[in-house]
Amino acid sequence: MNAEGIREGAREGTGVPAWAAVLTGLVAAGVALGAAQLVAGLVDPAAAPVVAVGGAVIDATPAGLKEWAIRTFGSADKPVLLTGIVMVLALVAAGLGLLARRRTAYGMAGLAAFGLVGAAAALSRPDAGAAHVLPSLAGAAAGAYALSRLWRRATRSDEDEYVTASRAADRASYRAVEVQSRTPAQPAGEAGPAGSPVSPVSPVSPAKPAVMRAGTVSPGPVSPGPVSPAPAPSSAPFSARPAEPYAFDRRRLLNGVAAGVVVAGAGGLGGWLLSGRKNGELARRGVAKILPRAARPAAPIPAGADLRISGLTPFVTPNADFYRVDTALVVPTVDPARWTLKIHGLVDRPVELTFADLLKRPLTEADVTLTCVSNEVGGSYAGNARWLGARLADVLRDAGIRREADMLLSVSEDGWTCGTPVDVVMDGRDALLAVAMNGEVLPEEHGFPVRQVVPGLYGYVSATKWVTEIRVTRFDRDEAYWTPRGWAAKGPIKTQSRIDLPRGGDKVRAGRTTVAGVAWAQHRGIDAVEVRVDGAGWQQAKLADVTGPDTWRQWSAEVDLTPGRHTVSVRATDATGYTQTADEAPPAPDGATGYHSITVTAR
């Protein structure tokens with residue numbers, strides 16, 4: 001083992017406090033994540049280890065657990081997952097710091113192992129290539145280096161100082177000898193410039209450091225005179241200050257920690273800038289300047305479409321409030337100038353459209369309510385917007401879709417897949433390749449630059465965001481993302497209704513009370529809504545106006561409540577005459593059923 005290795009090994013069992021060991025582990029992990037984020041910004045933001053591991057966790061999570069997460073955390077499920085992963089990493093990093101307290105190599109081995117885990121997770125993602133392992137590997141290397149340097153700073157030894165001083169003295173002695181050797185030699189006894197004899201030049205011995213702590217003695221100034229012979233070695237113990245070869249150095253450690261935090265932050269910021277988030281927003285602004293008007297504009301929204309009751313969901317959901325449920329931990333940033341949509345498979349003429357090509361087509365405006373299959377009875381995963389886009393059926397006709405095709409397997413920029421029935425898209429409804437939402441360019445989190453919108457189907461089989469490919473195929477040949485995970489291959493939206501006010505648990509005034517909410521049965525439409533109190537008879541609710549069968553419909557009713565607790569329920573009937581069932585079923589595999597009921601207290 002070389003001297004450096006001996007010194008590293010000697011650091012085992014040093015007197016470094018536990019908090020300092022934990023701190024070195026945390027900062028080393030931060031440097032690792034920052035470096036990984038920086039490299040991911042160059043390769044692919046989705047290849048960052050936290051994101052890659054998070055994606056792998058999502059893919060491996062059982063459907064029931066996913067439903068619990070969505071039900072519990074709502075649209076915040078992804079931040080919660082990422083926060084959880086970071087917290088686990090922090091705990092592991094603290095543990096690695098404590099391991100490094102015993103031996104630095106243990107901590108470095110742990111960082112290497114986590115680098116391999118991140119690399120494996122990155123390779124498991126759709127469309128991953130060899131370059132996707134680089135962020136995790138680079139992060140592990142940076143973290144291992146940071147851990148080693150922090151540990152050396154925390155345990156700087158007297159031997160280290162002695163070696164440094166000795167090397168400096170050796171360099172000074174070497175320079176002195178070199179200068180002496182360049183001076184012209186004179187014969188012995190020859191007079192110098194002042195007439196004094198010059199003695200022969202004697203070799204210059206290397207200088208020693210002025211201070212040799214850790215059990216050594218400072219020689220002090222050397223007086224002239226004869227040199228006494230060195231004393232014979234003695235077996236008696238040395239009486240100088242006891243050696244402390246590896247003492248804890250708080251100041252040097254904290255300086256190193258500060259530097260590590262700066263490096264970690266700079267890496268994270270650099271990765272964020274390289275990932276193109278700012279470029280995505282600039283691209284949206286550019287598209288807004290060239291977005292054409294609709295060739296087929298939607299009819300104006302009737303004044304009576306919104307009952308304007310305080311606490312009632314508005315007819316049009318603002319973009320900022322629109323629900324978001326998807327598997328993308330990092331919202332893809334897609335450059336519309338480079339975006340293309342490839343349509344192939346069971347078609348006569350494969351098509352590849354650019355964004356400019358899509359905007360040249362006649363654009364249609366349509367009011368459509370989207371609903372997530374994960375929505376519980378009475379849940380909030382539904383939203384209504386006015387969409388602008390090219391009709392998907394027209395694009396498919398241009399490609400010459402074949403008779404045997406019954407499935408459109410659409411692919412997102414992040415690799416997610418969705419299976420949509422061909423007959424639904426081709427039956428005349430406003431199935432769109434949407435480019436705008438509520439009068440503005442699609443927000444990035446809702447699919448910019450292009451997403452699918454198909455009325456009447458749950459989002460998991462229709463609403464592909466960041467769509468880049470549509471393979472025309474068959475359900476007996478291909479599966480979309482959610483099908484092998486326990487969800488139905490086809491997902492028509494079920495007739496549903498919801499009470500928005502009062503809310504469950506509210507205290508209301510006894511007597512006449514307003515109950516209101518929304519109901520939906522996309523592409524069939526809502527014909528009636530009824531409410532009842534405490535299981536008594538159903539009474540008809542007042543319905544708001546609508547623009548068509550593809551949106552939800554507001555409703556309200558006046559009920560009489562006596563003092564005490566009451567249960568209020570609602571049900572809807574669609575335009576086909578079907579009244580929603582009271583039988584309760586969970587969202588999986590094809591949508592929840594049952595009456596939405598709330599309990600209130602009248603006073």
# chains A, B, ... in the order shown; residues from 1 in each chain; ligands from 1
>>> residues_around(residues="Ile343 of chain A", least_positions_apart="4", cutoff="10 Å", atoms="only C-alpha atoms", output="mmCIF file with all heavy atoms, in the first residue's frame")
data_model
loop_
_atom_site.group_PDB
_atom_site.id
_atom_site.type_symbol
_atom_site.label_atom_id
_atom_site.label_comp_id
_atom_site.auth_asym_id
_atom_site.auth_seq_id
_atom_site.Cartn_x
_atom_site.Cartn_y
_atom_site.Cartn_z
ATOM 1 N N VAL A 347 -52.005 2.007 -42.400
ATOM 2 C CA VAL A 347 -52.435 3.117 -43.254
ATOM 3 C C VAL A 347 -51.856 2.911 -44.654
ATOM 4 O O VAL A 347 -50.847 2.221 -44.821
ATOM 5 C CB VAL A 347 -51.984 4.486 -42.697
ATOM 6 C CG1 VAL A 347 -52.631 4.767 -41.356
ATOM 7 C CG2 VAL A 347 -50.474 4.543 -42.584
ATOM 8 N N ARG A 349 -50.926 5.542 -46.612
ATOM 9 C CA ARG A 349 -49.939 6.597 -46.870
ATOM 10 C C ARG A 349 -49.431 7.155 -45.540
ATOM 11 O O ARG A 349 -50.062 8.048 -44.964
ATOM 12 C CB ARG A 349 -50.571 7.717 -47.693
ATOM 13 C CG ARG A 349 -51.078 7.293 -49.063
ATOM 14 C CD ARG A 349 -51.870 8.388 -49.729
ATOM 15 N NE ARG A 349 -53.097 8.711 -48.991
ATOM 16 C CZ ARG A 349 -54.221 8.026 -49.078
ATOM 17 N NH1 ARG A 349 -54.287 6.970 -49.890
ATOM 18 N NH2 ARG A 349 -55.297 8.378 -48.388
ATOM 19 N N PRO A 350 -48.327 6.648 -45.026
ATOM 20 C CA PRO A 350 -47.796 7.196 -43.769
ATOM 21 C C PRO A 350 -47.608 8.707 -43.865
ATOM 22 O O PRO A 350 -47.221 9.237 -44.918
ATOM 23 C CB PRO A 350 -46.458 6.470 -43.607
ATOM 24 C CG PRO A 350 -46.641 5.194 -44.372
ATOM 25 C CD PRO A 350 -47.512 5.550 -45.544
ATOM 26 N N VAL A 351 -47.888 9.377 -42.774
ATOM 27 C CA VAL A 351 -47.852 10.838 -42.740
ATOM 28 C C VAL A 351 -46.899 11.289 -41.645
ATOM 29 O O VAL A 351 -46.837 10.680 -40.574
ATOM 30 C CB VAL A 351 -49.261 11.409 -42.471
ATOM 31 C CG1 VAL A 351 -49.205 12.910 -42.216
ATOM 32 C CG2 VAL A 351 -50.197 11.105 -43.631
ATOM 33 N N GLU A 352 -46.160 12.368 -41.927
ATOM 34 C CA GLU A 352 -45.352 13.016 -40.892
ATOM 35 C C GLU A 352 -45.598 14.515 -40.984
ATOM 36 O O GLU A 352 -45.213 15.161 -41.964
ATOM 37 C CB GLU A 352 -43.874 12.693 -41.040
ATOM 38 C CG GLU A 352 -43.051 13.218 -39.871
ATOM 39 C CD GLU A 352 -41.681 12.569 -39.766
ATOM 40 O OE1 GLU A 352 -41.338 11.753 -40.638
ATOM 41 O OE2 GLU A 352 -40.952 12.881 -38.813
ATOM 42 N N LEU A 353 -46.268 15.058 -39.977
ATOM 43 C CA LEU A 353 -46.637 16.465 -39.961
ATOM 44 C C LEU A 353 -45.688 17.269 -39.095
ATOM 45 O O LEU A 353 -45.293 16.824 -38.016
ATOM 46 C CB LEU A 353 -48.053 16.631 -39.395
ATOM 47 C CG LEU A 353 -49.219 16.059 -40.195
ATOM 48 C CD1 LEU A 353 -50.502 16.189 -39.375
ATOM 49 C CD2 LEU A 353 -49.366 16.772 -41.521
ATOM 50 N N VAL A 395 -57.034 14.062 -40.452
ATOM 51 C CA VAL A 395 -55.630 13.678 -40.627
ATOM 52 C C VAL A 395 -55.523 12.185 -40.923
ATOM 53 O O VAL A 395 -54.747 11.752 -41.787
ATOM 54 C CB VAL A 395 -54.823 14.043 -39.358
ATOM 55 C CG1 VAL A 395 -53.383 13.557 -39.487
ATOM 56 C CG2 VAL A 395 -54.851 15.556 -39.120
ATOM 57 N N LEU A 396 -56.330 11.377 -40.225
ATOM 58 C CA LEU A 396 -56.300 9.929 -40.452
ATOM 59 C C LEU A 396 -56.818 9.579 -41.841
ATOM 60 O O LEU A 396 -56.308 8.644 -42.489
ATOM 61 C CB LEU A 396 -57.123 9.217 -39.382
ATOM 62 C CG LEU A 396 -56.562 9.297 -37.954
ATOM 63 C CD1 LEU A 396 -57.546 8.704 -36.956
ATOM 64 C CD2 LEU A 396 -55.219 8.576 -37.866
ATOM 65 N N ALA A 399 -54.165 9.888 -44.313
ATOM 66 C CA ALA A 399 -53.216 8.778 -44.270
ATOM 67 C C ALA A 399 -53.794 7.497 -44.863
ATOM 68 O O ALA A 399 -53.053 6.551 -45.137
ATOM 69 C CB ALA A 399 -52.779 8.524 -42.827
ATOM 70 N N ILE A 401 -56.538 5.314 -43.532
ATOM 71 C CA ILE A 401 -56.627 4.293 -42.502
ATOM 72 C C ILE A 401 -57.319 3.045 -43.058
ATOM 73 O O ILE A 401 -58.323 3.128 -43.773
ATOM 74 C CB ILE A 401 -57.371 4.853 -41.274
ATOM 75 C CG1 ILE A 401 -57.282 3.896 -40.100
ATOM 76 C CG2 ILE A 401 -58.813 5.203 -41.595
ATOM 77 C CD1 ILE A 401 -57.741 4.519 -38.789
ATOM 78 N N LEU A 408 -55.833 3.301 -32.173
ATOM 79 C CA LEU A 408 -54.794 4.307 -32.399
ATOM 80 C C LEU A 408 -53.882 4.294 -31.180
ATOM 81 O O LEU A 408 -54.303 4.678 -30.078
ATOM 82 C CB LEU A 408 -55.406 5.697 -32.578
ATOM 83 C CG LEU A 408 -56.448 5.859 -33.682
ATOM 84 C CD1 LEU A 408 -57.017 7.280 -33.659
ATOM 85 C CD2 LEU A 408 -55.849 5.543 -35.047
ATOM 86 N N LEU A 409 -52.667 3.825 -31.348
ATOM 87 C CA LEU A 409 -51.709 3.792 -30.242
ATOM 88 C C LEU A 409 -50.866 5.067 -30.334
ATOM 89 O O LEU A 409 -49.914 5.143 -31.105
ATOM 90 C CB LEU A 409 -50.826 2.551 -30.315
ATOM 91 C CG LEU A 409 -49.908 2.340 -29.106
ATOM 92 C CD1 LEU A 409 -50.721 1.975 -27.864
ATOM 93 C CD2 LEU A 409 -48.872 1.261 -29.382
ATOM 94 N N SER A 410 -51.243 6.061 -29.537
ATOM 95 C CA SER A 410 -50.516 7.331 -29.559
ATOM 96 C C SER A 410 -49.389 7.293 -28.539
ATOM 97 O O SER A 410 -49.489 6.650 -27.495
ATOM 98 C CB SER A 410 -51.454 8.506 -29.284
ATOM 99 O OG SER A 410 -52.197 8.286 -28.109
ATOM 100 N N THR A 468 -46.418 12.683 -30.169
ATOM 101 C CA THR A 468 -45.432 12.729 -31.254
ATOM 102 C C THR A 468 -45.631 11.621 -32.281
ATOM 103 O O THR A 468 -44.999 11.659 -33.343
ATOM 104 C CB THR A 468 -44.007 12.600 -30.697
ATOM 105 O OG1 THR A 468 -43.883 11.356 -29.989
ATOM 106 C CG2 THR A 468 -43.668 13.759 -29.768
ATOM 107 N N GLU A 469 -46.473 10.653 -31.959
ATOM 108 C CA GLU A 469 -46.615 9.504 -32.861
ATOM 109 C C GLU A 469 -47.982 8.865 -32.672
ATOM 110 O O GLU A 469 -48.490 8.789 -31.552
ATOM 111 C CB GLU A 469 -45.517 8.476 -32.567
ATOM 112 C CG GLU A 469 -45.585 7.204 -33.394
ATOM 113 C CD GLU A 469 -44.564 6.170 -32.951
ATOM 114 O OE1 GLU A 469 -43.668 6.526 -32.150
ATOM 115 O OE2 GLU A 469 -44.670 5.003 -33.381
ATOM 116 N N ILE A 470 -48.576 8.422 -33.779
ATOM 117 C CA ILE A 470 -49.809 7.634 -33.728
ATOM 118 C C ILE A 470 -49.611 6.414 -34.616
ATOM 119 O O ILE A 470 -49.421 6.555 -35.839
ATOM 120 C CB ILE A 470 -51.035 8.440 -34.205
ATOM 121 C CG1 ILE A 470 -51.283 9.629 -33.275
ATOM 122 C CG2 ILE A 470 -52.272 7.532 -34.262
ATOM 123 C CD1 ILE A 470 -52.423 10.539 -33.726
ATOM 124 N N ARG A 471 -49.618 5.257 -33.990
ATOM 125 C CA ARG A 471 -49.510 4.011 -34.756
ATOM 126 C C ARG A 471 -50.908 3.411 -34.888
ATOM 127 O O ARG A 471 -51.554 3.083 -33.883
ATOM 128 C CB ARG A 471 -48.570 3.026 -34.063
ATOM 129 C CG ARG A 471 -48.381 1.746 -34.873
ATOM 130 C CD ARG A 471 -47.150 0.962 -34.443
ATOM 131 N NE ARG A 471 -47.285 0.320 -33.151
ATOM 132 C CZ ARG A 471 -46.610 0.667 -32.065
ATOM 133 N NH1 ARG A 471 -45.755 1.678 -32.109
ATOM 134 N NH2 ARG A 471 -46.776 0.019 -30.931
ATOM 135 N N VAL A 472 -51.353 3.293 -36.108
ATOM 136 C CA VAL A 472 -52.664 2.717 -36.377
ATOM 137 C C VAL A 472 -52.517 1.197 -36.328
ATOM 138 O O VAL A 472 -51.746 0.609 -37.081
ATOM 139 C CB VAL A 472 -53.204 3.177 -37.745
ATOM 140 C CG1 VAL A 472 -54.595 2.614 -37.983
ATOM 141 C CG2 VAL A 472 -53.222 4.707 -37.826
#
>>> residues_around(residues="segment 461-465 of chain A", least_positions_apart="2", cutoff="10 Å", atoms="only C-alpha atoms", output="PyMOL selection string")
chain A and resi 326+332+370-373+408-414+416-421+424-425+431-434+444-459+467-468+480-483+488-492
>>> residues_around(residues="Arg512 of chain A", least_positions_apart="5", cutoff="8 Å", atoms="only C-alpha atoms", output="list of chain:residue names")
A:Glu558, A:Val559, A:Asp560, A:Leu561
>>> write_last_selection(atoms="C-alpha atoms", output="PDB file, in the first residue's frame")
ATOM      1  CA  GLU A 558     -83.573  24.170  -3.218  1.00  0.00           C
ATOM      2  CA  VAL A 559     -84.115  21.728  -0.340  1.00  0.00           C
ATOM      3  CA  ASP A 560     -85.680  22.130   3.090  1.00  0.00           C
ATOM      4  CA  LEU A 561     -83.465  21.099   6.009  1.00  0.00           C
TER       5      LEU A 561
END
>>> select_by_dssp(residues="segment 252-343 of chain A", states="strand (DSSP E or B)", output="list of chain:residue names")
A:Arg296, A:Thr340, A:Leu341, A:Lys342, A:Ile343
>>> write_last_selection(atoms="C-alpha atoms", output="PDB file, in the first residue's frame")
ATOM      1  CA  ARG A 296     -64.843  26.395 -37.458  1.00  0.00           C
ATOM      2  CA  THR A 340     -43.319  16.239 -35.767  1.00  0.00           C
ATOM      3  CA  LEU A 341     -46.267  13.858 -35.633  1.00  0.00           C
ATOM      4  CA  LYS A 342     -45.685  10.531 -37.324  1.00  0.00           C
ATOM      5  CA  ILE A 343     -48.785   8.555 -38.359  1.00  0.00           C
TER       6      ILE A 343
END
>>> closest_atom_pairs(of="segment 348-466 of chain A", to="segment 576-584 of chain A", cutoff="12 Å", atoms="only C-alpha atoms", output="CSV")
residue,atom,partner,partner_atom,distance
A:Glu376,CA,A:Glu584,CA,10.2
A:Val377,CA,A:Glu584,CA,8.6
A:Gly378,CA,A:Glu584,CA,12.0
>>> residues_around(residues="Ala29 of chain A", least_positions_apart="2", cutoff="6 Å", atoms="only C-alpha atoms", output="PyMOL selection string")
chain A and resi 26-27+31-32+93+143
>>> write_last_selection(atoms="all heavy atoms", output="mmCIF file, in the first residue's frame")
data_model
loop_
_atom_site.group_PDB
_atom_site.id
_atom_site.type_symbol
_atom_site.label_atom_id
_atom_site.label_comp_id
_atom_site.auth_asym_id
_atom_site.auth_seq_id
_atom_site.Cartn_x
_atom_site.Cartn_y
_atom_site.Cartn_z
ATOM 1 N N LEU A 26 -24.281 14.285 3.597
ATOM 2 C CA LEU A 26 -25.343 15.077 2.966
ATOM 3 C C LEU A 26 -24.789 15.986 1.878
ATOM 4 O O LEU A 26 -25.371 16.102 0.785
ATOM 5 C CB LEU A 26 -26.068 15.902 4.033
ATOM 6 C CG LEU A 26 -26.916 15.114 5.035
ATOM 7 C CD1 LEU A 26 -27.462 16.051 6.115
ATOM 8 C CD2 LEU A 26 -28.064 14.408 4.320
ATOM 9 N N VAL A 27 -23.684 16.653 2.168
ATOM 10 C CA VAL A 27 -23.115 17.565 1.180
ATOM 11 C C VAL A 27 -22.576 16.794 -0.014
ATOM 12 O O VAL A 27 -22.747 17.214 -1.174
ATOM 13 C CB VAL A 27 -22.015 18.434 1.818
ATOM 14 C CG1 VAL A 27 -21.315 19.282 0.766
ATOM 15 C CG2 VAL A 27 -22.616 19.323 2.889
ATOM 16 N N VAL A 31 -23.737 17.364 -3.868
ATOM 17 C CA VAL A 31 -22.827 17.553 -5.003
ATOM 18 C C VAL A 31 -23.126 16.514 -6.084
ATOM 19 O O VAL A 31 -23.142 16.830 -7.284
ATOM 20 C CB VAL A 31 -21.362 17.453 -4.547
ATOM 21 C CG1 VAL A 31 -20.413 17.408 -5.744
ATOM 22 C CG2 VAL A 31 -21.010 18.633 -3.636
ATOM 23 N N ALA A 32 -23.390 15.273 -5.666
ATOM 24 C CA ALA A 32 -23.709 14.223 -6.627
ATOM 25 C C ALA A 32 -24.969 14.563 -7.420
ATOM 26 O O ALA A 32 -24.994 14.447 -8.657
ATOM 27 C CB ALA A 32 -23.881 12.888 -5.902
ATOM 28 N N ALA A 93 -27.677 9.172 2.518
ATOM 29 C CA ALA A 93 -26.439 9.963 2.497
ATOM 30 C C ALA A 93 -25.884 10.157 3.901
ATOM 31 O O ALA A 93 -24.671 10.085 4.122
ATOM 32 C CB ALA A 93 -26.703 11.319 1.835
ATOM 33 N N GLY A 143 -19.838 12.877 -6.309
ATOM 34 C CA GLY A 143 -20.144 12.702 -4.896
ATOM 35 C C GLY A 143 -19.032 11.993 -4.149
ATOM 36 O O GLY A 143 -18.694 12.358 -3.012
#
>>> closest_residue(among="A:Pro17, A:Gly25, A:Gly537, A:Pro318", to="Pro443 of chain A", atoms="only C-alpha atoms")
A:Pro318
